[in-house]
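target.tsv follows (TSV, C-alpha atoms):
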chain	number	residue	atom	x	y	z
A	13	MET	CA	9.33	16.66	-2.73
A	14	VAL	CA	10.62	14.17	-5.30
A	15	TYR	CA	7.54	12.57	-6.82
A	16	GLY	CA	6.98	9.24	-5.16
A	17	ALA	CA	9.90	9.87	-2.79
A	18	PHE	CA	10.18	8.54	0.72
A	19	VAL	CA	8.82	11.12	3.17
A	20	ARG	CA	9.04	11.46	6.94
A	21	PRO	CA	7.52	13.76	9.56
A	22	LYS	CA	9.87	16.65	10.29
A	23	SER	CA	8.77	16.90	13.92
A	24	LEU	CA	9.76	13.32	14.75
A	25	PRO	CA	13.36	12.12	15.15
A	26	ARG	CA	15.11	11.09	11.95
A	27	PRO	CA	16.89	7.75	12.32
A	28	GLY	CA	20.54	7.55	11.40
A	29	LEU	CA	22.23	5.19	9.00
A	30	ARG	CA	22.37	1.55	10.02
A	31	ASN	CA	24.58	-1.39	9.15
A	32	GLY	CA	27.61	0.78	8.58
A	33	ARG	CA	28.53	2.97	5.65
A	34	ARG	CA	26.11	3.54	2.81
A	35	ILE	CA	26.92	1.48	-0.27
A	36	LEU	CA	27.05	2.55	-3.93
A	37	THR	CA	28.69	5.82	-2.96
A	38	THR	CA	29.61	6.51	-6.61
A	39	PHE	CA	25.96	7.07	-7.48
A	40	THR	CA	25.29	10.70	-8.38
A	41	PRO	CA	21.86	11.87	-7.18
A	42	PRO	CA	19.54	13.15	-9.90
A	43	ASP	CA	19.20	16.84	-10.61
A	44	MET	CA	16.49	17.86	-8.17
A	45	SER	CA	15.25	20.61	-10.49
A	46	THR	CA	14.04	17.93	-12.90
A	47	ALA	CA	13.44	15.10	-10.42
A	48	ALA	CA	10.85	17.19	-8.60
A	49	ALA	CA	8.59	17.28	-11.65
A	50	PRO	CA	5.53	15.02	-11.44
A	51	ASP	CA	5.95	11.61	-13.08
A	52	PRO	CA	2.36	10.35	-13.44
A	53	TYR	CA	3.25	7.73	-16.05
A	54	GLY	CA	6.08	6.22	-13.98
A	55	ALA	CA	8.92	6.88	-16.44
A	56	MET	CA	11.40	6.34	-13.60
A	57	LEU	CA	10.20	2.73	-13.31
A	58	TYR	CA	11.61	1.74	-16.70
A	59	CYS	CA	15.32	1.16	-16.26
A	60	ASP	CA	17.95	-1.55	-15.95
A	61	ALA	CA	18.46	-3.53	-12.75
A	62	LEU	CA	21.42	-1.58	-11.40
A	63	THR	CA	19.73	1.76	-12.01
A	64	ALA	CA	16.55	0.43	-10.37
A	65	TYR	CA	18.46	-0.59	-7.25
A	66	ARG	CA	20.21	2.78	-7.07
A	67	ARG	CA	16.92	4.62	-7.48
A	68	ASP	CA	15.35	2.57	-4.69
A	69	LEU	CA	18.24	3.49	-2.39
A	70	ASP	CA	17.97	7.13	-3.42
A	71	ARG	CA	14.27	7.06	-2.52
A	72	THR	CA	15.14	5.75	0.95
A	73	PRO	CA	18.14	7.82	2.11
A	74	ASP	CA	18.20	6.31	5.61
A	75	VAL	CA	18.34	2.73	4.31
A	76	VAL	CA	21.77	1.26	3.64
A	77	ARG	CA	20.28	-1.89	2.15
A	78	PHE	CA	16.86	-3.55	2.10
A	79	GLY	CA	17.84	-6.73	3.88
A	80	ALA	CA	20.24	-9.64	3.91
A	81	ASP	CA	19.19	-10.77	0.43
A	82	ASP	CA	19.30	-7.57	-1.59
A	83	ALA	CA	22.61	-8.40	-3.29
A	84	GLY	CA	21.09	-11.70	-4.37
A	85	TRP	CA	18.00	-9.85	-5.63
A	86	LEU	CA	20.15	-7.58	-7.73
A	87	ARG	CA	22.12	-10.50	-9.22
A	88	ARG	CA	18.91	-12.34	-9.99
A	89	THR	CA	17.36	-9.33	-11.73
A	90	VAL	CA	20.51	-8.77	-13.81
A	91	GLN	CA	20.41	-12.47	-14.79
A	92	LEU	CA	16.75	-12.11	-15.84
A	93	GLU	CA	17.55	-9.06	-17.93
A	94	ARG	CA	20.37	-10.83	-19.76
A	95	LEU	CA	18.29	-13.96	-20.25
A	96	THR	CA	15.25	-12.19	-21.71
A	97	ALA	CA	16.86	-9.23	-23.49
A	98	ALA	CA	16.76	-10.94	-26.90
A	99	ALA	CA	13.43	-12.70	-26.39
A	100	PRO	CA	11.26	-12.77	-29.54
A	101	ALA	CA	7.86	-11.07	-29.63
A	102	ARG	CA	6.18	-14.40	-28.93
A	103	VAL	CA	7.73	-17.16	-26.85
A	104	ARG	CA	6.31	-20.69	-27.02
A	105	ALA	CA	5.35	-22.28	-23.71
A	106	GLY	CA	7.62	-25.29	-24.14
A	107	SER	CA	10.62	-23.47	-25.59
A	108	ALA	CA	14.09	-23.57	-24.07
A	109	LEU	CA	13.78	-19.94	-22.96
A	110	ALA	CA	10.37	-20.39	-21.32
A	111	THR	CA	11.59	-23.39	-19.32
A	112	GLN	CA	14.71	-21.71	-17.92
A	113	PRO	CA	14.97	-22.27	-14.12
A	114	ALA	CA	15.33	-18.51	-13.54
A	115	LEU	CA	11.85	-18.00	-15.04
A	116	ARG	CA	9.99	-20.50	-12.89
A	117	PRO	CA	6.94	-18.48	-11.82
A	118	ALA	CA	6.45	-19.53	-8.20
A	119	PRO	CA	9.97	-18.77	-6.89
A	120	LEU	CA	10.38	-15.66	-9.04
A	121	LEU	CA	7.05	-14.15	-7.98
A	122	ALA	CA	7.91	-14.94	-4.35
A	123	VAL	CA	11.25	-13.12	-4.65
A	124	ALA	CA	9.57	-10.13	-6.30
A	125	GLU	CA	7.05	-10.05	-3.44
A	126	ARG	CA	9.89	-9.96	-0.90
A	127	MET	CA	11.57	-7.12	-2.81
A	128	GLU	CA	8.32	-5.16	-2.81
A	129	SER	CA	7.68	-5.80	0.89
A	130	ALA	CA	11.18	-4.58	1.77
A	131	GLY	CA	10.68	-1.36	-0.21
A	132	ALA	CA	12.88	-2.24	-3.22
A	133	LEU	CA	9.92	-1.32	-5.41
A	134	ILE	CA	11.63	-0.27	-8.64
A	135	LEU	CA	13.89	-3.35	-8.54
A	136	ALA	CA	10.81	-5.56	-8.13
A	137	PHE	CA	9.13	-3.76	-11.04
A	138	THR	CA	12.23	-4.32	-13.19
A	139	ALA	CA	12.38	-8.04	-12.38
A	140	LEU	CA	8.70	-8.42	-13.29
A	141	SER	CA	9.22	-6.49	-16.53
A	142	ALA	CA	12.05	-8.84	-17.53
A	143	ALA	CA	9.97	-11.93	-16.77
A	144	ARG	CA	7.02	-10.59	-18.75
A	145	ARG	CA	9.08	-10.54	-21.95
A	146	VAL	CA	8.62	-14.31	-21.83
A	147	TRP	CA	5.50	-14.80	-19.71
A	148	ASP	CA	3.17	-12.52	-21.69
A	149	SER	CA	2.99	-15.13	-24.45
A	150	ALA	CA	4.37	-18.30	-22.84
A	151	ASP	CA	2.60	-18.15	-19.44
A	152	PRO	CA	-0.34	-15.69	-19.42
A	153	ALA	CA	-1.46	-16.63	-15.89
A	154	SER	CA	1.93	-15.68	-14.42
A	155	ALA	CA	2.09	-12.61	-16.64
A	156	GLY	CA	-1.27	-11.47	-15.28
A	157	ILE	CA	0.01	-11.69	-11.72
A	158	ALA	CA	3.11	-9.72	-12.75
A	159	ILE	CA	0.98	-7.00	-14.37
A	160	PHE	CA	-1.14	-6.79	-11.20
A	161	ARG	CA	2.03	-6.39	-9.11
A	162	GLN	CA	3.36	-3.68	-11.44
A	163	ALA	CA	0.07	-1.80	-11.06
A	164	ARG	CA	0.31	-2.10	-7.28
A	165	ILE	CA	3.92	-0.87	-7.27
A	166	SER	CA	2.92	2.12	-9.40
A	167	ARG	CA	0.09	2.91	-7.01
A	168	THR	CA	2.37	2.57	-3.98
A	169	LEU	CA	4.86	5.00	-5.51
A	170	GLY	CA	2.09	7.50	-6.22
A	171	VAL	CA	2.44	7.35	-10.03
A	172	LYS	CA	-1.30	7.24	-10.45
A	173	GLN	CA	-1.67	7.32	-14.22
A	174	SER	CA	0.77	4.46	-14.56
A	175	ALA	CA	-1.31	2.45	-12.09
A	176	GLU	CA	-4.51	3.28	-13.99
A	177	ASN	CA	-2.93	2.16	-17.26
A	178	PHE	CA	-1.69	-1.12	-15.79
A	179	TYR	CA	-5.11	-1.91	-14.32
A	180	SER	CA	-6.80	-1.17	-17.66
A	181	PHE	CA	-4.29	-3.36	-19.48
A	182	LEU	CA	-4.70	-6.12	-16.91
A	183	TYR	CA	-8.47	-6.14	-17.42
A	184	ALA	CA	-8.07	-6.55	-21.18
A	185	PHE	CA	-5.28	-9.12	-20.77
A	186	ALA	CA	-7.25	-11.18	-18.25
A	187	THR	CA	-10.35	-11.06	-20.45
A	188	ARG	CA	-8.38	-12.28	-23.47
A	189	HIS	CA	-6.79	-15.14	-21.54
A	190	ARG	CA	-9.87	-16.04	-19.45
A	191	LEU	CA	-8.44	-15.19	-16.05
A	192	PRO	CA	-11.56	-14.17	-14.06
A	193	GLU	CA	-9.85	-13.50	-10.73
A	194	LEU	CA	-7.46	-11.03	-12.35
A	195	ARG	CA	-10.32	-9.38	-14.26
A	196	GLY	CA	-11.90	-8.67	-10.91
A	197	ARG	CA	-8.65	-7.55	-9.29
A	198	ALA	CA	-8.04	-5.08	-12.13
A	199	LEU	CA	-11.35	-3.35	-11.35
A	200	VAL	CA	-10.66	-3.51	-7.62
A	201	GLY	CA	-7.42	-1.64	-8.35
A	202	LYS	CA	-9.38	1.12	-10.06
A	203	GLY	CA	-11.66	1.27	-7.05
A	204	ILE	CA	-8.66	1.66	-4.75
A	205	ILE	CA	-7.40	4.61	-6.79
A	206	ARG	CA	-10.83	6.27	-6.57
A	207	THR	CA	-10.83	5.62	-2.81
A	208	LEU	CA	-7.45	7.33	-2.45
A	209	GLU	CA	-8.82	10.30	-4.39
A	210	GLY	CA	-11.71	10.56	-1.91
A	211	ASP	CA	-14.40	9.58	-4.44
A	212	ALA	CA	-16.21	6.84	-2.53
A	213	ALA	CA	-19.24	6.74	-4.85
A	214	ALA	CA	-17.04	5.95	-7.87
A	215	ALA	CA	-15.10	3.41	-5.81
A	216	TYR	CA	-18.31	1.55	-4.86
A	217	ARG	CA	-19.21	1.25	-8.54
A	218	TRP	CA	-15.83	-0.27	-9.41
A	219	TYR	CA	-16.03	-2.75	-6.53
A	220	ALA	CA	-19.53	-3.84	-7.58
A	221	LYS	CA	-18.34	-4.27	-11.18
A	222	ALA	CA	-15.40	-6.32	-9.93
A	223	ARG	CA	-17.70	-8.83	-8.22
A	224	ILE	CA	-19.54	-9.36	-11.51
A	225	ALA	CA	-16.45	-9.39	-13.73
A	226	CYS	CA	-14.66	-12.03	-11.64
A	227	GLY	CA	-17.46	-14.55	-11.98
A	228	ARG	CA	-17.81	-14.58	-8.17
A	229	HIS	CA	-14.27	-15.85	-7.71
A	230	PRO	CA	-13.95	-16.01	-3.88
A	231	ALA	CA	-10.59	-14.22	-3.60
A	232	ALA	CA	-11.63	-11.39	-5.92
A	233	VAL	CA	-15.00	-11.04	-4.18
A	234	ALA	CA	-13.23	-10.87	-0.82
A	235	VAL	CA	-10.82	-8.12	-1.85
A	236	SER	CA	-13.64	-6.17	-3.54
A	237	TYR	CA	-15.61	-6.12	-0.28
A	238	HIS	CA	-12.43	-5.24	1.59
A	239	GLY	CA	-11.93	-2.33	-0.79
A	240	GLU	CA	-15.56	-1.28	-0.36
A	241	MET	CA	-14.98	-1.25	3.37
A	242	ALA	CA	-12.03	1.14	2.93
A	243	ALA	CA	-14.06	3.40	0.62
A	244	ALA	CA	-16.95	3.49	3.08
A	245	LEU	CA	-14.53	4.40	5.85
A	246	SER	CA	-13.13	7.28	3.81
A	247	ALA	CA	-16.71	8.51	3.22
A	248	GLY	CA	-17.63	8.20	6.89
A	249	ASP	CA	-20.22	5.46	6.26
A	250	PHE	CA	-19.21	3.24	9.14
A	251	SER	CA	-22.21	0.95	9.03
A	252	ARG	CA	-21.59	0.15	5.36
A	253	ALA	CA	-17.92	-0.38	6.14
A	254	LEU	CA	-18.67	-2.92	8.88
A	255	VAL	CA	-21.13	-4.87	6.71
A	256	ALA	CA	-18.72	-4.91	3.75
A	257	GLY	CA	-15.89	-6.05	6.03
A	258	TRP	CA	-18.02	-8.89	7.35
A	259	HIS	CA	-18.82	-9.98	3.79
A	260	ALA	CA	-15.08	-10.05	3.08
A	261	LEU	CA	-14.37	-12.16	6.16
A	262	SER	CA	-17.26	-14.49	5.36
A	263	THR	CA	-15.72	-15.56	2.06
A	264	GLY	CA	-12.91	-17.29	3.96
A	265	ALA	CA	-10.65	-16.34	1.06
A	266	LEU	CA	-8.64	-13.47	2.54
A	267	LEU	CA	-4.92	-13.94	3.06
A	268	ARG	CA	-3.59	-13.24	6.55
A	269	HIS	CA	-2.11	-9.99	5.27
A	270	ASP	CA	-5.54	-8.89	4.03
A	271	GLU	CA	-7.21	-10.05	7.23
A	272	ALA	CA	-4.74	-7.88	9.13
A	273	GLY	CA	-5.66	-4.90	6.97
A	274	LEU	CA	-9.33	-5.58	7.56
A	275	MET	CA	-8.75	-5.64	11.33
A	276	VAL	CA	-7.05	-2.26	11.05
A	277	ASN	CA	-10.22	-1.00	9.39
A	278	MET	CA	-12.30	-2.54	12.16
A	279	ALA	CA	-10.12	-0.62	14.61
A	280	SER	CA	-10.94	2.58	12.73
A	281	ILE	CA	-14.65	1.93	13.09
A	282	ALA	CA	-14.30	1.09	16.78
A	283	LEU	CA	-12.56	4.44	17.25
A	284	ARG	CA	-15.44	6.31	15.62
A	285	ALA	CA	-17.96	4.30	17.63
A	286	ASP	CA	-16.20	5.47	20.81
A	287	GLN	CA	-14.76	2.04	21.62
A	288	PRO	CA	-10.99	2.71	21.97
A	289	GLN	CA	-10.31	-0.45	23.97
A	290	SER	CA	-11.88	-2.54	21.20
A	291	ALA	CA	-9.78	-0.61	18.70
A	292	LEU	CA	-6.62	-1.48	20.61
A	293	ARG	CA	-7.59	-5.17	20.60
A	294	ALA	CA	-8.16	-5.05	16.83
A	295	VAL	CA	-4.78	-3.34	16.34
A	296	ARG	CA	-3.00	-6.03	18.33
A	297	VAL	CA	-4.71	-8.78	16.31
A	298	ALA	CA	-3.62	-7.06	13.09
A	299	LEU	CA	-0.03	-6.76	14.28
A	300	ARG	CA	0.05	-10.46	15.16
A	301	ALA	CA	-1.39	-11.37	11.76
A	302	SER	CA	1.09	-9.49	9.56
A	303	ASN	CA	4.64	-8.17	9.66
A	304	HIS	CA	4.18	-6.21	6.44
A	305	ALA	CA	5.24	-2.57	6.78
A	306	ARG	CA	2.17	-1.36	4.86
A	307	VAL	CA	-0.12	-2.93	7.48
A	308	ARG	CA	1.99	-2.03	10.48
A	309	LEU	CA	2.24	1.67	9.59
A	310	THR	CA	-1.54	2.08	9.63
A	311	ALA	CA	-2.02	-0.26	12.60
A	312	TYR	CA	0.38	1.80	14.68
A	313	SER	CA	-1.38	5.06	13.84
A	314	LYS	CA	-4.77	3.54	14.78
A	315	GLY	CA	-3.17	2.39	18.03
A	316	ALA	CA	-1.95	5.95	18.59
A	317	LEU	CA	-5.47	7.31	18.09
A	318	ALA	CA	-6.90	4.75	20.51
A	319	ALA	CA	-4.23	5.62	23.08
A	320	ALA	CA	-5.04	9.32	22.65
A	321	GLN	CA	-8.77	8.68	23.19
A	322	LEU	CA	-7.88	6.82	26.39
A	323	GLY	CA	-5.57	9.66	27.48
A	324	GLN	CA	-2.53	7.35	27.52
A	325	ARG	CA	0.25	9.69	26.34
A	326	THR	CA	3.03	7.14	26.93
A	327	LEU	CA	1.32	4.57	24.73
A	328	LEU	CA	0.70	7.25	22.10
A	329	GLU	CA	4.40	8.13	22.02
A	330	ARG	CA	5.29	4.43	21.77
A	331	TYR	CA	3.07	3.93	18.71
A	332	ALA	CA	4.38	7.17	17.14
A	333	ALA	CA	7.95	5.91	17.58
A	334	ARG	CA	6.98	2.63	15.91
A	335	VAL	CA	5.61	4.54	12.92
A	336	VAL	CA	9.02	6.21	12.56
A	337	ALA	CA	10.93	2.94	13.01
A	338	THR	CA	8.77	1.13	10.46
A	339	ALA	CA	9.03	3.95	7.93
A	340	ALA	CA	12.82	3.89	8.29
A	341	THR	CA	13.04	0.34	6.96
A	342	ALA	CA	10.54	0.46	4.10
A	343	SER	CA	9.13	2.91	1.59
A	344	PHE	CA	5.34	3.13	1.38
A	345	PRO	CA	4.60	6.84	0.90
A	346	LEU	CA	0.80	6.56	0.78
A	347	GLU	CA	0.53	4.56	4.00
A	348	GLU	CA	3.11	6.75	5.69
A	349	LEU	CA	1.20	9.92	4.81
A	350	GLU	CA	-1.99	8.38	6.18
A	351	SER	CA	-0.18	7.48	9.40
A	352	ARG	CA	1.40	10.90	9.73
A	353	SER	CA	-1.94	12.67	9.37
A	354	GLU	CA	-3.50	10.37	11.98
A	355	LEU	CA	-0.61	10.98	14.35
A	356	ALA	CA	-1.35	14.70	13.99
A	357	VAL	CA	-4.93	14.07	15.10
A	358	ALA	CA	-3.75	11.89	17.99
A	359	PHE	CA	-1.41	14.56	19.34
A	360	ALA	CA	-4.17	17.16	19.00
A	361	LEU	CA	-6.43	14.94	21.10
A	362	VAL	CA	-3.94	14.94	23.99
A	363	GLY	CA	-3.48	18.71	23.75
A	364	ASP	CA	-0.10	18.88	22.00
A	365	THR	CA	-1.31	21.43	19.46
A	366	ALA	CA	2.11	22.55	18.26
A	367	LYS	CA	3.25	19.04	17.39
A	368	ALA	CA	-0.11	18.26	15.81
A	369	ARG	CA	0.10	21.32	13.54
A	370	ARG	CA	3.66	20.53	12.47
A	371	LEU	CA	2.69	16.98	11.54
A	372	ALA	CA	-0.46	18.11	9.72
A	373	SER	CA	1.34	20.81	7.76
A	374	ALA	CA	4.08	18.44	6.60
A	375	ALA	CA	1.62	15.66	5.70
A	376	ARG	CA	-0.58	18.07	3.75
A	377	ARG	CA	2.39	19.41	1.80
A	378	ASP	CA	3.43	15.93	0.70
A	379	ALA	CA	-0.09	14.57	0.10
A	380	LEU	CA	-1.24	17.45	-2.12
A	381	PRO	CA	0.88	16.67	-5.22
A	382	LEU	CA	-0.14	13.01	-4.98
A	383	GLY	CA	-3.83	13.91	-5.17
A	384	LEU	CA	-4.65	12.29	-1.80
A	385	GLY	CA	-7.83	14.23	-1.10
A	386	THR	CA	-8.83	12.42	2.09
A	387	ILE	CA	-5.50	13.14	3.77
A	388	VAL	CA	-5.42	16.75	2.58
A	389	ARG	CA	-8.92	17.41	3.94
A	390	ARG	CA	-8.04	15.85	7.30
A	391	CYS	CA	-4.98	18.07	7.60
A	392	ASP	CA	-6.90	21.16	6.46
A	393	ALA	CA	-9.50	20.61	9.17
A	394	LEU	CA	-6.85	20.27	11.87
A	395	LEU	CA	-4.89	23.31	10.65
A	396	ALA	CA	-8.12	25.34	10.62
A	397	GLY	CA	-8.48	24.62	14.33
A	398	HIS	CA	-11.43	22.26	14.11
A	399	ALA	CA	-11.82	19.87	17.01
A	400	ALA	CA	-9.74	16.75	16.50
A	401	ALA	CA	-12.19	14.56	18.42
A	402	GLU	CA	-15.10	13.67	16.16
A	403	PRO	CA	-18.51	12.82	17.59
A	404	ALA	CA	-19.26	9.15	18.14
A	405	VAL	CA	-21.23	7.53	15.34
A	406	ALA	CA	-24.39	5.45	15.65
A	407	LEU	CA	-24.34	2.14	13.81
A	408	SER	CA	-27.21	0.66	11.82
A	409	ALA	CA	-28.91	-2.52	13.00
A	410	PRO	CA	-27.05	-4.69	10.43
A	411	ALA	CA	-23.76	-3.14	11.53
A	412	GLN	CA	-24.58	-3.78	15.19
A	413	ARG	CA	-25.22	-7.44	14.32
A	414	VAL	CA	-21.79	-7.53	12.69
A	415	VAL	CA	-20.24	-6.17	15.89
A	416	ARG	CA	-21.89	-8.95	17.88
A	417	GLN	CA	-20.72	-11.55	15.36
A	418	LEU	CA	-17.17	-10.21	15.44
A	419	GLU	CA	-17.08	-10.74	19.20
A	420	MET	CA	-17.43	-14.48	18.52
A	421	VAL	CA	-14.72	-14.70	15.82
Give the structure from this file in structure tokens form.
Amino acid sequence: MVYGAFVRPKSLPRPGLRNGRRILTTFTPPDMSTAAAPDPYGAMLYCDALTAYRRDLDRTPDVVRFGADDAGWLRRTVQLERLTAAAPARVRAGSALATQPALRPAPLLAVAERMESAGALILAFTALSAARRVWDSADPASAGIAIFRQARISRTLGVKQSAENFYSFLYAFATRHRLPELRGRALVGKGIIRTLEGDAAAAYRWYAKARIACGRHPAAVAVSYHGEMAAALSAGDFSRALVAGWHALSTGALLRHDEAGLMVNMASIALRADQPQSALRAVRVALRASNHARVRLTAYSKGALAAAQLGQRTLLERYAARVVATAATASFPLEELESRSELAVAFALVGDTAKARRLASAARRDALPLGLGTIVRRCDALLAGHAAAEPAVALSAPAQRVVRQLEMV
């Protein structure tokens, strides 16, 4: 597999090209003998705008373009590159360069967010890099957000060391410029990486540090508890996950996208507590709250697990098809691998062992080089013939109180 490449389950139908003929047909694909080598520091992220766009398309071979605006995104990123190419080491806040309309933070960060959401990850990274040539000295607050986004893009692409480095730099940068929320978010990012590695104990420590480092900034506290919930889920501590999730909700500072992700986690806990109908309700709330592919991929796989527990094969197939359709229009390898491994469990639950093993084998193969221990262990258990249905968990008294409180939300 190309490191950080777009991956799909081999046992599910592969969608064809859409919107006509593929563009940029003169692009020569990279030599796979070298492209397959691990790229932990994200060297492929550092390139010009046109190369970034081509690499994004190469990562997503079934995508002709990322949306109606991708040509405009490319033009805007090229403009940013030309505008900032000769920027001095330090740019004054009121200088002619810093006040260029193309560098206005709010619209530029919004465009970069749309690029990232559509799967044009390297193009978004390139646009942020160009802006930071000015923002790092002229607008540290906007630069901090850009650094955070670059760390997230690195993490999404599976270039883990690059993500680690960006989070470390962000912490130092935010400390120097007195940006407490971003100090906290930098440590939350480190906790997320530890969670993906399957090291929940280390993740808890980072999330606790984040709540101190951010000076109790509500948004950073909320995402730290949300991250703790995910880590507890990966460790099988469902009571801790519920309590942490309730703390995150109680801040009132979560964005709708994050609330949707939290509801997906609540669905996971409902599944383990043998409440598949409640899980389905949580999935539907999450899908109404966010259209983001990262959320929808995991929501659909939780819905598939709930359908499997209820013995509803038709509903299971519907959610599996939606995983494929969502993956075909965006590139989020980590979330897709999580969804693929959960689909394997879902098909095992309804007795389709052959399909379950194919999905688990393919997901394990692609998760292993990315160091995704939780996914690898799940696939190993299924391939070893262990029962896919796990015993129902008992919740602690505080977690049961959270369940009752959630019923009134």
(request) Record the distance separating CA of Asp70 in chain A and CA of Ala342 in chain A, expressed in Å with one decimal. (result) 12.5 Å
(request) Would you work out the distance separating CA of Gly203 in chain A from CA of Trp218 in chain A, expressed in Å to one decimal? (result) 5.0 Å
(request) Could you give me, as an NGL selection string, the residues within 12 Å of Arg416 in chain A, counting all atoms listed in the file and dropping anything in the same chain fewer than 6 positions from it? (result) :A and (254-255 or 258 or 409-410)
Could the residues in this selection be saved with C-alpha atoms as a PDB file, in the coordinates of the input?
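Once everything was written out, this is result02.pdb:
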ATOM      1  CA  LEU A 254     -18.670  -2.920   8.880  1.00  0.00           C
ATOM      2  CA  VAL A 255     -21.130  -4.870   6.710  1.00  0.00           C
ATOM      3  CA  TRP A 258     -18.020  -8.890   7.350  1.00  0.00           C
ATOM      4  CA  ALA A 409     -28.910  -2.520  13.000  1.00  0.00           C
ATOM      5  CA  PRO A 410     -27.050  -4.690  10.430  1.00  0.00           C
TER       6      PRO A 410
END
(request) Can you pull out every residue within 10 Å of Ala124 in chain A, counting all atoms listed in the file, but drop anything in the same chain fewer than 3 positions away, and send it as a ChimeraX atom specification? (result) /A:85,89,119-121,127-130,132-133,135-140,158,161
(message) When you count all atoms listed in the file, which of these residues is closest to Arg126 in chain A: A:Ala282, A:Val103, A:Ala305, A:Val414?
(response)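 Of A:Ala282, A:Val103, A:Ala305, A:Val414, the one nearest Arg126 in chain A is A:Ala305, counting all atoms listed in the file.
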(request) Find the residues near Ser149 in chain A: any atom within 12 Å, counting only C-alpha atoms, skip ones fewer than 4 places away on the same chain, and give them as a ChimeraX atom specification. (result) /A:99-107,109-110,143-145,153-156,185,188-189
Writer output for current selection, C-alpha atoms, as a compact mmCIF listing (two decimals), keeping the file's coordinate frame:
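Done, and the output landed in again-v3.txt:
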# COMPACT_ATOMS: atom_id res chain seq x y z
CA ALA A 99 13.43 -12.70 -26.39
CA PRO A 100 11.26 -12.77 -29.54
CA ALA A 101 7.86 -11.07 -29.63
CA ARG A 102 6.18 -14.40 -28.93
CA VAL A 103 7.73 -17.16 -26.85
CA ARG A 104 6.31 -20.69 -27.02
CA ALA A 105 5.35 -22.28 -23.71
CA GLY A 106 7.62 -25.29 -24.14
CA SER A 107 10.62 -23.47 -25.59
CA LEU A 109 13.78 -19.94 -22.96
CA ALA A 110 10.37 -20.39 -21.32
CA ALA A 143 9.97 -11.93 -16.77
CA ARG A 144 7.02 -10.59 -18.75
CA ARG A 145 9.08 -10.54 -21.95
CA ALA A 153 -1.46 -16.63 -15.89
CA SER A 154 1.93 -15.68 -14.42
CA ALA A 155 2.09 -12.61 -16.64
CA GLY A 156 -1.27 -11.47 -15.28
CA PHE A 185 -5.28 -9.12 -20.77
CA ARG A 188 -8.38 -12.28 -23.47
CA HIS A 189 -6.79 -15.14 -21.54
(message) I'd like the neighbourhood of range 50-54 of chain A as a PyMOL selection string, where a residue qualifies if any of its atoms comes within 6 Å (using all atoms listed in the file), though same-chain residues fewer than 2 positions away should be ignored.
(response) chain A and resi 15+56-57+171-174
(request) Find the distance between CA of Cys391 in chain A and CA of Lys314 in chain A and write it in Å to one decimal. (result)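 Atom-to-atom, CA of Cys391 in chain A to CA of Lys314 in chain A, that is 16.2 Å.
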(message) Using all atoms listed in the file, which protein or nucleic acid residues come within 6 Å of range 306-311 of chain A? Drop anything in the same chain fewer than 3 positions from it, and give the result as a PyMOL selection string.
(response) chain A and resi 273+276+295+314+335+351
(request) In the coordinate frame of the file, compute which residues have an atom within 10 Å of (-9.8, -2.2, 18.0) when using only C-alpha atoms, and state them as a list in words. (result)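 Taken together, the residues in range are Met275, Val276, Asn277, Met278, Ala279, Ser280, Ile281, Ala282, Leu283, Gln287, Pro288, Gln289, Ser290, Ala291, Leu292, Arg293, Ala294, Val295, Arg296, Val297, Ala298, Ala311, Lys314, Gly315 and Ala318 of chain A.
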Please, could you write that set of residues out with C-alpha atoms as a compact mmCIF listing (two decimals), keeping the file's coordinate frame?
# COMPACT_ATOMS: atom_id res chain seq x y z
CA MET A 275 -8.75 -5.64 11.33
CA VAL A 276 -7.05 -2.26 11.05
CA ASN A 277 -10.22 -1.00 9.39
CA MET A 278 -12.30 -2.54 12.16
CA ALA A 279 -10.12 -0.62 14.61
CA SER A 280 -10.94 2.58 12.73
CA ILE A 281 -14.65 1.93 13.09
CA ALA A 282 -14.30 1.09 16.78
CA LEU A 283 -12.56 4.44 17.25
CA GLN A 287 -14.76 2.04 21.62
CA PRO A 288 -10.99 2.71 21.97
CA GLN A 289 -10.31 -0.45 23.97
CA SER A 290 -11.88 -2.54 21.20
CA ALA A 291 -9.78 -0.61 18.70
CA LEU A 292 -6.62 -1.48 20.61
CA ARG A 293 -7.59 -5.17 20.60
CA ALA A 294 -8.16 -5.05 16.83
CA VAL A 295 -4.78 -3.34 16.34
CA ARG A 296 -3.00 -6.03 18.33
CA VAL A 297 -4.71 -8.78 16.31
CA ALA A 298 -3.62 -7.06 13.09
CA ALA A 311 -2.02 -0.26 12.60
CA LYS A 314 -4.77 3.54 14.78
CA GLY A 315 -3.17 2.39 18.03
CA ALA A 318 -6.90 4.75 20.51
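Proximity ranking of A:Arg376, A:Arg77, A:Arg330, A:Arg87 relative to Tyr312 in chain A places A:Arg330 first, based on all atoms listed in the file.
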(message) Every residue with an atom at most 10 Å from (-14.5, -19.9, 0.3) (file coordinates; all atoms listed in the file) is what I'm after, so could you write them as a list of chain:residue names?
(response) A:His229, A:Pro230, A:Ala231, A:Val233, A:Ala234, A:Leu261, A:Ser262, A:Thr263, A:Gly264, A:Ala265, A:Leu266
Using only the atoms of range 82-95 of chain A listed in the file, plus 8 Å on each side, state the axis-aligned box centre and edge lengths in Å rounded to one decimal, as JSON.
{"center_x": 19.7, "center_y": -10.8, "center_z": -10.9, "size_x": 21.9, "size_y": 22.4, "size_z": 34.7}
(message) Calculated over only C-alpha atoms, which of the candidates A:Thr386, A:Gln162, A:Thr111, A:Thr63 has the smallest distance to Arg206 in chain A?
(response)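 Among A:Thr386, A:Gln162, A:Thr111, A:Thr63, it is A:Thr386 that comes nearest to Arg206 in chain A.
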